[in-house]
>>> print(open('run_2.cif').read())   # mmCIF, C-alpha atoms
data_coords
loop_
_atom_site.label_atom_id
_atom_site.label_comp_id
_atom_site.auth_asym_id
_atom_site.auth_seq_id
_atom_site.Cartn_x
_atom_site.Cartn_y
_atom_site.Cartn_z
CA MET C 1 -13.14 -28.68 34.02
CA ILE C 2 -13.71 -32.37 33.53
CA PHE C 3 -15.09 -31.95 30.03
CA VAL C 4 -11.98 -30.05 28.97
CA ASP C 5 -9.99 -33.03 30.24
CA PHE C 6 -12.22 -35.34 28.19
CA ALA C 7 -11.58 -33.20 25.11
CA VAL C 8 -7.80 -33.27 25.65
CA ARG C 9 -7.89 -37.03 26.25
CA ASN C 10 -9.72 -37.67 23.01
CA LEU C 11 -7.34 -35.49 21.02
CA ARG C 12 -4.37 -37.34 22.48
CA ARG C 13 -6.01 -40.68 21.77
CA ASN C 14 -6.33 -39.72 18.11
CA TRP C 15 -3.08 -37.72 18.03
CA PHE C 16 -2.24 -38.28 14.36
CA ARG C 17 -5.66 -37.15 13.19
CA SER C 18 -5.48 -34.18 15.53
CA LEU C 19 -2.02 -33.35 14.21
CA LEU C 20 -3.32 -33.24 10.64
CA ALA C 21 -6.15 -30.91 11.69
CA ILE C 22 -3.69 -28.62 13.49
CA LEU C 23 -1.44 -28.65 10.44
CA GLY C 24 -4.36 -27.51 8.28
CA ILE C 25 -5.05 -24.61 10.64
CA ILE C 26 -1.35 -23.69 10.69
CA ILE C 27 -1.25 -23.55 6.88
CA GLY C 28 -4.47 -21.54 6.76
CA VAL C 29 -3.36 -18.97 9.35
CA LEU C 30 0.09 -18.76 7.75
CA SER C 31 -1.46 -18.11 4.34
CA ILE C 32 -4.01 -15.51 5.39
CA SER C 33 -1.56 -13.65 7.65
CA SER C 34 1.28 -13.67 5.12
CA MET C 35 -1.03 -12.47 2.35
CA GLY C 36 -2.33 -9.76 4.67
CA ILE C 37 1.20 -8.62 5.46
CA LEU C 38 2.09 -8.62 1.76
CA GLY C 39 -1.04 -6.70 0.80
CA ASN C 40 -0.48 -4.08 3.47
CA GLY C 41 3.18 -3.85 2.48
CA ILE C 42 2.15 -3.16 -1.11
CA VAL C 43 -0.17 -0.36 0.00
CA LEU C 44 2.51 1.18 2.24
CA SER C 45 5.12 0.84 -0.50
CA VAL C 46 2.90 2.59 -3.03
CA SER C 47 2.08 5.29 -0.49
CA ASP C 48 5.78 5.85 0.18
CA SER C 49 6.54 5.89 -3.55
CA PHE C 50 4.38 8.96 -3.99
CA THR C 51 5.52 12.17 -2.43
CA SER C 52 3.39 14.06 0.05
CA VAL C 53 1.55 16.23 -2.48
CA GLY C 54 -1.90 16.11 -0.97
CA ASP C 55 -1.88 19.90 -0.77
CA SER C 56 -1.29 20.37 -4.50
CA ILE C 57 -3.53 21.16 -7.45
CA VAL C 58 -1.97 20.76 -10.89
CA VAL C 59 -3.21 23.02 -13.69
CA SER C 60 -2.17 22.36 -17.30
CA PRO C 61 -3.39 23.37 -20.78
CA HIS C 62 -6.32 21.20 -21.83
CA SER C 63 -4.90 20.33 -25.26
CA GLY C 64 -1.33 19.96 -24.04
CA THR C 65 0.61 16.97 -22.81
CA GLY C 66 2.07 18.75 -19.78
CA GLY C 67 -0.42 17.41 -17.24
CA LEU C 68 0.96 15.38 -14.41
CA SER C 69 4.71 15.55 -14.63
CA GLY C 70 4.92 15.84 -18.40
CA THR C 71 8.45 15.55 -19.78
CA THR C 72 8.13 16.85 -23.36
CA VAL C 73 8.14 20.42 -24.59
CA THR C 74 4.84 21.24 -26.33
CA ASN C 75 3.27 24.22 -28.07
CA ASP C 76 0.34 24.25 -25.67
CA ARG C 77 1.27 26.36 -22.70
CA LEU C 78 -0.01 28.59 -19.97
CA SER C 79 0.71 32.23 -20.69
CA GLU C 80 1.94 34.79 -18.18
CA GLN C 81 -1.53 36.36 -18.31
CA GLN C 82 -3.16 33.03 -17.46
CA ILE C 83 -0.75 32.54 -14.55
CA LEU C 84 -1.70 36.00 -13.29
CA GLU C 85 -5.42 35.16 -13.57
CA LEU C 86 -4.80 31.85 -11.84
CA SER C 87 -3.05 33.62 -8.96
CA ARG C 88 -6.02 35.93 -8.57
CA ALA C 89 -8.50 33.05 -8.66
CA VAL C 90 -6.75 31.04 -5.93
CA SER C 91 -5.44 33.91 -3.78
CA PRO C 92 -3.96 33.76 -1.15
CA ASN C 93 -2.71 30.28 -2.12
CA LYS C 94 0.68 30.08 -3.81
CA VAL C 95 0.97 29.43 -7.57
CA ILE C 96 4.19 27.91 -8.93
CA PRO C 97 4.48 27.99 -12.76
CA ILE C 98 6.77 25.34 -14.20
CA TYR C 99 8.44 24.63 -17.54
CA THR C 100 8.93 20.93 -18.25
CA GLY C 101 11.10 19.25 -20.83
CA GLY C 102 13.71 16.57 -21.32
CA ASP C 103 17.28 16.32 -22.56
CA ARG C 104 20.30 14.06 -22.79
CA ILE C 105 22.84 14.58 -20.04
CA THR C 106 26.50 13.54 -19.83
CA TYR C 107 29.05 13.60 -17.06
CA GLY C 108 32.47 12.11 -17.75
CA ASN C 109 31.89 8.73 -19.36
CA GLU C 110 28.38 8.40 -17.94
CA LYS C 111 25.35 9.25 -20.08
CA GLY C 112 21.65 9.42 -19.35
CA VAL C 113 18.35 11.13 -20.03
CA ALA C 114 16.84 13.56 -17.55
CA SER C 115 13.70 15.62 -17.19
CA ILE C 116 14.32 19.36 -17.16
CA TYR C 117 12.23 21.59 -14.91
CA GLY C 118 12.37 25.36 -15.07
CA MET C 119 10.96 27.38 -12.21
CA ASP C 120 11.51 30.54 -10.26
CA PRO C 121 14.43 30.04 -7.81
CA ASP C 122 12.27 31.59 -5.08
CA ASP C 123 9.74 28.75 -5.55
CA MET C 124 12.28 25.95 -5.38
CA PRO C 125 12.39 25.63 -1.55
CA THR C 126 8.61 25.14 -1.58
CA MET C 127 8.81 22.23 -4.02
CA LEU C 128 12.23 20.72 -3.33
CA THR C 129 14.63 19.80 -0.53
CA VAL C 130 18.40 20.02 -0.94
CA GLU C 131 20.44 17.14 0.46
CA SER C 132 23.87 18.60 -0.29
CA GLY C 133 25.00 21.91 -1.74
CA VAL C 134 22.70 24.92 -1.94
CA TYR C 135 19.50 26.03 -3.63
CA LEU C 136 19.88 27.58 -7.05
CA ARG C 137 20.21 31.37 -7.02
CA GLY C 138 20.13 33.41 -10.18
CA ASN C 139 19.98 32.04 -13.70
CA SER C 140 23.19 30.03 -13.98
CA GLY C 141 23.75 26.49 -12.84
CA ALA C 142 21.34 23.72 -11.91
CA MET C 143 20.27 21.39 -9.15
CA ILE C 144 20.13 17.68 -9.87
CA GLY C 145 17.88 14.89 -8.60
CA LYS C 146 19.25 12.17 -6.33
CA THR C 147 18.57 9.26 -8.70
CA ILE C 148 20.24 10.75 -11.77
CA ALA C 149 23.09 12.11 -9.63
CA ASP C 150 23.84 8.61 -8.31
CA GLN C 151 23.51 7.14 -11.80
CA LEU C 152 26.00 9.55 -13.34
CA LYS C 153 28.16 9.84 -10.18
CA VAL C 154 27.60 13.60 -10.09
CA LYS C 155 28.69 15.62 -7.07
CA VAL C 156 28.18 19.22 -6.01
CA GLY C 157 30.48 21.38 -8.15
CA SER C 158 30.43 18.93 -11.08
CA LYS C 159 29.66 20.23 -14.55
CA VAL C 160 27.16 18.25 -16.60
CA ILE C 161 26.76 18.53 -20.36
CA LEU C 162 23.39 18.66 -22.13
CA GLY C 163 22.68 17.15 -25.51
CA ASP C 164 23.55 20.35 -27.41
CA GLY C 165 26.86 20.74 -25.58
CA THR C 166 25.66 23.28 -23.02
CA ILE C 167 27.60 23.01 -19.74
CA LEU C 168 25.75 23.43 -16.44
CA PRO C 169 27.49 23.53 -13.04
CA VAL C 170 25.67 21.59 -10.33
CA VAL C 171 25.12 23.70 -7.22
CA GLY C 172 23.00 21.24 -5.28
CA ILE C 173 21.85 17.63 -5.12
CA LEU C 174 18.23 17.13 -4.12
CA LYS C 175 16.98 14.81 -1.43
CA GLU C 176 15.22 11.75 -2.84
CA ARG C 177 11.54 12.61 -3.14
CA GLY C 178 9.90 9.56 -4.67
CA LEU C 179 7.36 9.36 -7.46
CA GLY C 180 5.20 12.46 -7.42
CA LEU C 181 1.89 13.53 -8.85
CA ASP C 182 3.10 17.05 -9.59
CA ILE C 183 6.76 16.77 -10.62
CA ASN C 184 9.36 13.99 -10.41
CA PRO C 185 12.67 15.66 -9.56
CA ASP C 186 14.62 12.51 -8.63
CA ASN C 187 15.57 11.98 -12.26
CA ALA C 188 15.72 15.62 -13.33
CA LEU C 189 17.73 18.80 -13.62
CA ILE C 190 16.19 21.89 -12.04
CA VAL C 191 17.05 25.18 -13.72
CA SER C 192 15.71 28.73 -13.49
CA LYS C 193 12.65 29.54 -15.56
CA GLN C 194 14.53 32.33 -17.34
CA TRP C 195 17.35 29.99 -18.35
CA PHE C 196 14.84 27.38 -19.58
CA SER C 197 12.87 29.93 -21.62
CA GLU C 198 15.97 31.36 -23.25
CA HIS C 199 17.75 28.06 -23.84
CA TYR C 200 14.79 26.22 -25.37
CA SER C 201 13.28 29.37 -26.94
CA VAL C 202 9.83 28.87 -25.46
CA LYS C 203 7.29 31.15 -23.87
CA GLY C 204 4.55 29.95 -21.58
CA TYR C 205 4.49 27.21 -18.99
CA ASN C 206 3.62 23.54 -19.27
CA GLU C 207 1.86 23.49 -15.91
CA ALA C 208 1.27 25.38 -12.70
CA ILE C 209 1.21 23.93 -9.20
CA VAL C 210 -1.20 25.50 -6.73
CA LYS C 211 -0.18 24.88 -3.12
CA ALA C 212 -3.26 25.00 -0.91
CA SER C 213 -2.62 26.59 2.47
CA ASP C 214 -5.46 24.55 3.98
CA LEU C 215 -6.33 21.00 2.88
CA LYS C 216 -9.98 21.71 3.63
CA GLN C 217 -9.97 24.37 0.89
CA ILE C 218 -8.73 22.10 -1.91
CA VAL C 219 -12.22 21.48 -3.29
CA SER C 220 -13.17 25.15 -3.21
CA VAL C 221 -9.85 26.19 -4.78
CA LYS C 222 -10.31 23.63 -7.54
CA GLN C 223 -13.85 24.88 -8.17
CA ALA C 224 -12.58 28.47 -8.34
CA ILE C 225 -10.09 27.47 -11.04
CA GLU C 226 -12.72 25.59 -13.03
CA LYS C 227 -15.12 28.53 -12.76
CA ARG C 228 -12.49 31.01 -13.89
CA PHE C 229 -11.08 29.09 -16.89
CA ASN C 230 -13.63 26.47 -17.95
CA ARG C 231 -16.96 28.29 -17.86
CA GLN C 232 -17.69 27.83 -21.59
CA ASP C 233 -14.89 25.88 -23.23
CA LYS C 234 -12.43 23.65 -21.40
CA VAL C 235 -9.23 25.66 -21.33
CA VAL C 236 -7.26 23.91 -18.61
CA ASP C 237 -7.15 20.51 -16.94
CA VAL C 238 -7.25 20.65 -13.15
CA TYR C 239 -5.91 17.73 -11.11
CA ASP C 240 -6.46 17.43 -7.40
CA THR C 241 -3.47 15.32 -6.32
CA LYS C 242 -5.08 14.34 -3.01
CA SER C 243 -8.05 12.77 -4.80
CA ILE C 244 -5.74 11.01 -7.25
CA LEU C 245 -3.60 9.66 -4.42
CA ASP C 246 -6.69 8.51 -2.52
CA SER C 247 -7.94 6.70 -5.63
CA ILE C 248 -4.59 4.96 -6.15
CA LEU C 249 -4.37 3.86 -2.53
CA GLY C 250 -8.00 2.73 -2.64
CA ALA C 251 -7.24 0.50 -5.62
CA PHE C 252 -4.26 -1.06 -3.88
CA ASN C 253 -6.30 -1.57 -0.71
CA GLN C 254 -8.69 -3.63 -2.81
CA ILE C 255 -5.73 -5.65 -4.09
CA SER C 256 -4.63 -6.15 -0.48
CA THR C 257 -8.09 -7.41 0.44
CA PHE C 258 -8.10 -9.76 -2.55
CA THR C 259 -4.74 -11.31 -1.59
CA THR C 260 -6.01 -11.83 1.96
CA VAL C 261 -9.14 -13.57 0.67
CA ILE C 262 -6.96 -15.89 -1.40
CA GLY C 263 -5.08 -16.81 1.77
CA GLY C 264 -8.41 -17.40 3.52
CA ILE C 265 -9.33 -20.16 1.06
CA SER C 266 -6.75 -22.46 2.63
CA LEU C 267 -8.25 -21.70 6.04
CA LEU C 268 -11.68 -22.68 4.72
CA VAL C 269 -10.22 -26.01 3.58
CA ALA C 270 -8.77 -26.49 7.07
CA GLY C 271 -12.23 -25.81 8.56
CA ILE C 272 -13.76 -28.49 6.38
CA SER C 273 -11.04 -30.86 7.54
CA ILE C 274 -11.88 -30.18 11.20
CA LEU C 275 -15.58 -30.68 10.47
CA ASN C 276 -14.80 -34.06 8.95
CA ILE C 277 -12.57 -35.06 11.86
CA MET C 278 -15.15 -34.02 14.43
CA MET C 279 -17.89 -35.94 12.63
CA MET C 280 -15.66 -39.04 12.66
CA SER C 281 -15.05 -38.48 16.38
CA VAL C 282 -18.79 -38.34 17.06
CA THR C 283 -19.39 -41.55 15.11
CA GLU C 284 -16.60 -43.40 16.92
CA ARG C 285 -17.83 -42.29 20.36
CA ILE C 286 -21.57 -42.87 20.08
CA ARG C 287 -21.58 -45.59 22.77
CA GLU C 288 -19.39 -43.41 25.02
CA ILE C 289 -21.82 -40.53 24.57
CA GLY C 290 -24.71 -42.88 25.39
CA ILE C 291 -23.04 -43.96 28.62
CA MET C 292 -22.33 -40.34 29.61
CA ARG C 293 -25.93 -39.33 28.90
CA SER C 294 -27.31 -42.32 30.88
CA LEU C 295 -25.17 -41.26 33.86
CA GLY C 296 -26.82 -37.85 33.89
CA THR C 297 -24.55 -35.78 31.63
CA ARG C 298 -26.59 -32.96 30.16
CA ARG C 299 -26.80 -32.21 26.46
CA LYS C 300 -25.12 -28.84 27.01
CA GLU C 301 -22.13 -30.53 28.63
CA VAL C 302 -21.75 -33.03 25.78
CA ARG C 303 -22.02 -30.17 23.32
CA TRP C 304 -19.30 -28.19 25.08
CA MET C 305 -16.99 -31.22 25.20
CA PHE C 306 -16.86 -31.35 21.41
CA ILE C 307 -16.64 -27.57 21.08
CA TYR C 308 -13.63 -27.67 23.43
CA GLU C 309 -11.96 -30.17 21.10
CA ALA C 310 -12.43 -27.86 18.12
CA LEU C 311 -11.30 -24.86 20.17
CA ILE C 312 -8.13 -26.62 21.32
CA LEU C 313 -7.28 -27.64 17.75
CA GLY C 314 -7.91 -24.09 16.51
CA PHE C 315 -5.98 -22.43 19.33
CA ILE C 316 -2.87 -24.60 18.95
CA GLY C 317 -2.90 -24.35 15.15
CA SER C 318 -3.53 -20.61 15.20
CA LEU C 319 -0.83 -19.95 17.77
CA ILE C 320 1.80 -21.87 15.82
CA GLY C 321 0.54 -20.41 12.54
CA GLY C 322 0.71 -16.90 13.98
CA MET C 323 4.32 -17.34 15.07
CA LEU C 324 5.28 -18.78 11.69
CA SER C 325 3.43 -15.95 9.93
CA PHE C 326 5.97 -13.43 11.13
CA GLY C 327 8.72 -15.41 9.41
CA GLY C 328 6.50 -15.98 6.38
CA GLY C 329 5.73 -12.28 6.15
CA TYR C 330 9.43 -11.49 6.41
CA VAL C 331 10.34 -13.82 3.56
CA ILE C 332 7.48 -12.82 1.26
CA SER C 333 8.11 -9.10 1.87
CA LEU C 334 11.80 -9.51 1.14
CA PHE C 335 11.07 -11.47 -2.04
CA MET C 336 8.17 -9.39 -3.40
CA LEU C 337 8.95 -5.88 -2.11
CA GLN C 338 12.73 -6.13 -1.71
CA THR C 339 12.38 -4.70 1.81
CA THR C 340 11.10 -5.81 5.20
CA LYS C 341 10.58 -2.38 6.78
CA TYR C 342 6.82 -2.57 6.32
CA LEU C 343 6.63 -5.81 8.32
CA PHE C 344 6.97 -3.94 11.60
CA TYR C 345 4.13 -1.51 10.96
CA PRO C 346 1.10 -2.06 13.26
CA SER C 347 -1.15 -2.34 10.19
CA SER C 348 1.00 -5.28 9.02
CA LEU C 349 1.32 -7.01 12.39
CA ILE C 350 -2.44 -6.80 12.92
CA ALA C 351 -2.78 -9.18 9.96
CA ILE C 352 -1.26 -11.90 12.16
CA VAL C 353 -3.85 -11.22 14.87
CA TYR C 354 -6.64 -11.34 12.28
CA GLY C 355 -5.25 -14.60 10.87
CA MET C 356 -5.17 -16.21 14.32
CA GLY C 357 -8.66 -14.95 15.07
CA PHE C 358 -10.00 -16.39 11.82
CA GLY C 359 -8.20 -19.67 12.56
CA ILE C 360 -9.81 -20.05 15.98
CA GLY C 361 -13.20 -18.85 14.72
CA THR C 362 -13.16 -21.26 11.77
CA SER C 363 -12.28 -24.16 14.07
CA VAL C 364 -15.09 -23.40 16.49
CA LEU C 365 -17.63 -22.97 13.70
CA SER C 366 -16.51 -26.27 12.19
CA GLY C 367 -17.14 -27.99 15.52
CA LEU C 368 -20.64 -26.60 16.13
CA TYR C 369 -22.59 -29.08 13.99
CA PRO C 370 -20.76 -32.19 15.24
CA ALA C 371 -21.24 -30.92 18.82
CA TRP C 372 -24.94 -30.36 18.20
CA LYS C 373 -25.32 -33.80 16.64
CA ALA C 374 -23.50 -35.48 19.55
CA SER C 375 -25.61 -33.68 22.16
CA ASN C 376 -28.85 -34.70 20.48
CA LEU C 377 -28.15 -38.43 20.28
CA ASN C 378 -30.80 -40.55 21.97
CA PRO C 379 -29.09 -42.23 24.98
CA ILE C 380 -30.86 -45.56 24.48
CA ASP C 381 -30.06 -45.69 20.75
CA ALA C 382 -26.48 -44.66 21.50
CA LEU C 383 -26.04 -47.52 24.00
CA ARG C 384 -27.33 -50.02 21.44
CA TYR C 385 -24.98 -48.68 18.72
CA GLU C 386 -22.41 -51.22 17.46
#
>>> encode(input="run_2.cif", output="structure tokens")
Amino acid sequence: MIFVDFAVRNLRRNWFRSLLAILGIIIGVLSISSMGILGNGIVLSVSDSFTSVGDSIVVSPHSGTGGLSGTTVTNDRLSEQQILELSRAVSPNKVIPIYTGGDRITYGNEKGVASIYGMDPDDMPTMLTVESGVYLRGNSGAMIGKTIADQLKVKVGSKVILGDGTILPVVGILKERGLGLDINPDNALIVSKQWFSEHYSVKGYNEAIVKASDLKQIVSVKQAIEKRFNRQDKVVDVYDTKSILDSILGAFNQISTFTTVIGGISLLVAGISILNIMMMSVTERIREIGIMRSLGTRRKEVRWMFIYEALILGFIGSLIGGMLSFGGGYVISLFMLQTTKYLFYPSSLIAIVYGMGFGIGTSVLSGLYPAWKASNLNPIDALRYE
């Protein structure tokens, strides 16, 4: 189209000014896309940091400090009778009672502090995954979390020493599980509940994990527990891990949106720059517009000529900015998250598309008023303009 050619000609004629406008769009698209990639990476990282416990309900004594992954032995516990009542209330869903505590642990010259979890060996495959070795059977020995095993250089068959000198053979090393909302076994020793009770001289559990067989039943199971234990006085605290996880991810999604908005500010500045450039272009070409109008060029065609200029600036800037955004996202992910694996997720790559779309849209919007003003110039006044 001839008016596209006119738009290209004018941009070439004022190439330095056009270059500055394109540079502004590039910076804007780069900022908004990189911030979008970072924000999405943060959300994905947090999601990966928590284990898949959406099917769990955590029940702990109301006055205790067991709660979500407590690591201290307290006097407030769930009795065997309460565990039995809990099992009846949530039947046929599985109930896993757990002792929680903490202790010093030594292996060779390496020392550390680990959480101690005591549970029925039959329940361990439901909660844990062994990476090497075997699941604990019976009341002797222990399994160890991946993080603490790497820290102390423990292997299957090693014997670790607790703070009181007790020696425990390691029968299995657990697969890394990530931060959980029920238990955190990566930095823990897993022993049988009988061994824990006898060794620490305690009776009663710090918490119980209810594994819902159907995610759709989580609300009803939680209500059944509340109805059974908390009808008059609050006896237990009940945590729905799916709701907690959803709340956490929701908060980080808001952070992601906020970082993207920050990146969008630079794009807004670029839009203002294009508006200014287009207004200067209209002023400089008033006589040219007058001649075009006197030769029969319609207002719509003049309007589109200026819109094409803005569109070309936005398209070139957005295209270059989009390509650079991939590299920017790579660098910022590596620096902030220490990993680039989230860069290749569709939800991260779509941020580049959004950034380019906003870049082009901002450019076109910035060119609408100058285009309207140019198309509404009086031809006679435009010809007389000096």
>>> resolve_selection(input="run_2.cif", expression="the PyMOL selection byres ((chain C and resi 82-97) around 8)", output="list in words")
Leu78, Ser79, Glu80, Gln81, Ile98, Tyr99, Met119, Asp120, Asp123, Tyr205, Asn206, Glu207, Ala208, Ile209, Val210, Lys211, Ala212, Ser213, Val221, Ala224, Ile225 and Arg228 of chain C
>>> atom_distance(input="run_2.cif", atom1="CA of Glu198 in chain C", atom2="CA of Arg104 in chain C")
17.8 Å
>>> closest_residue(input="run_2.cif", among="C:Leu11, C:Ala21, C:Ile27, C:Val261", to="Glu309 in chain C", atoms="only C-alpha atoms")
C:Leu11
>>> closest_atom_pairs(input="run_2.cif", of="range 13-131 of chain C", to="range 281-299 of chain C", cutoff="12 Å", atoms="only C-alpha atoms", output="tab-separated table")
residue	atom	partner	partner_atom	distance
C:Arg13	CA	C:Ser281	CA	10.8
C:Asn14	CA	C:Ser281	CA	9.0
C:Arg17	CA	C:Ser281	CA	10.0
C:Ser18	CA	C:Ser281	CA	10.5
>>> resolve_selection(input="run_2.cif", expression="the PyMOL selection byres ((chain C and resi 103) around 6)", output="list in words")
Gly102, Arg104, Val113 and Ala114 of chain C
>>> resolve_selection(input="run_2.cif", expression="the PyMOL selection byres ((chain C and resi 333) around 12)", output="PyMOL selection string")
chain C and resi 34-42+44-45+325-332+334-344+348
>>> write_last_selection(input="run_2.cif", atoms="C-alpha atoms", output="compact mmCIF listing (two decimals), in the coordinates of the input")
# COMPACT_ATOMS: atom_id res chain seq x y z
CA SER C 34 1.28 -13.67 5.12
CA MET C 35 -1.03 -12.47 2.35
CA GLY C 36 -2.33 -9.76 4.67
CA ILE C 37 1.20 -8.62 5.46
CA LEU C 38 2.09 -8.62 1.76
CA GLY C 39 -1.04 -6.70 0.80
CA ASN C 40 -0.48 -4.08 3.47
CA GLY C 41 3.18 -3.85 2.48
CA ILE C 42 2.15 -3.16 -1.11
CA LEU C 44 2.51 1.18 2.24
CA SER C 45 5.12 0.84 -0.50
CA SER C 325 3.43 -15.95 9.93
CA PHE C 326 5.97 -13.43 11.13
CA GLY C 327 8.72 -15.41 9.41
CA GLY C 328 6.50 -15.98 6.38
CA GLY C 329 5.73 -12.28 6.15
CA TYR C 330 9.43 -11.49 6.41
CA VAL C 331 10.34 -13.82 3.56
CA ILE C 332 7.48 -12.82 1.26
CA LEU C 334 11.80 -9.51 1.14
CA PHE C 335 11.07 -11.47 -2.04
CA MET C 336 8.17 -9.39 -3.40
CA LEU C 337 8.95 -5.88 -2.11
CA GLN C 338 12.73 -6.13 -1.71
CA THR C 339 12.38 -4.70 1.81
CA THR C 340 11.10 -5.81 5.20
CA LYS C 341 10.58 -2.38 6.78
CA TYR C 342 6.82 -2.57 6.32
CA LEU C 343 6.63 -5.81 8.32
CA PHE C 344 6.97 -3.94 11.60
CA SER C 348 1.00 -5.28 9.02
>>> closest_residue(input="run_2.cif", among="C:Leu136, C:Ile380, C:Ala371, C:Val58", to="Met305 in chain C", atoms="all atoms listed in the file")
C:Ala371
>>> atom_distance(input="run_2.cif", atom1="CA of Pro125 in chain C", atom2="CA of Glu110 in chain C")
28.7 Å
>>> residues_around(input="run_2.cif", residues="Gly357 in chain C", least_positions_apart="5", cutoff="10 Å", atoms="only C-alpha atoms", output="list in words")
Val29, Gly314, Phe315, Ser318, Leu319, Gly322, Ala351, Ile352, Thr362 and Ser363 of chain C
>>> atom_distance(input="run_2.cif", atom1="CA of Gly355 in chain C", atom2="CA of Ile32 in chain C")
5.7 Å
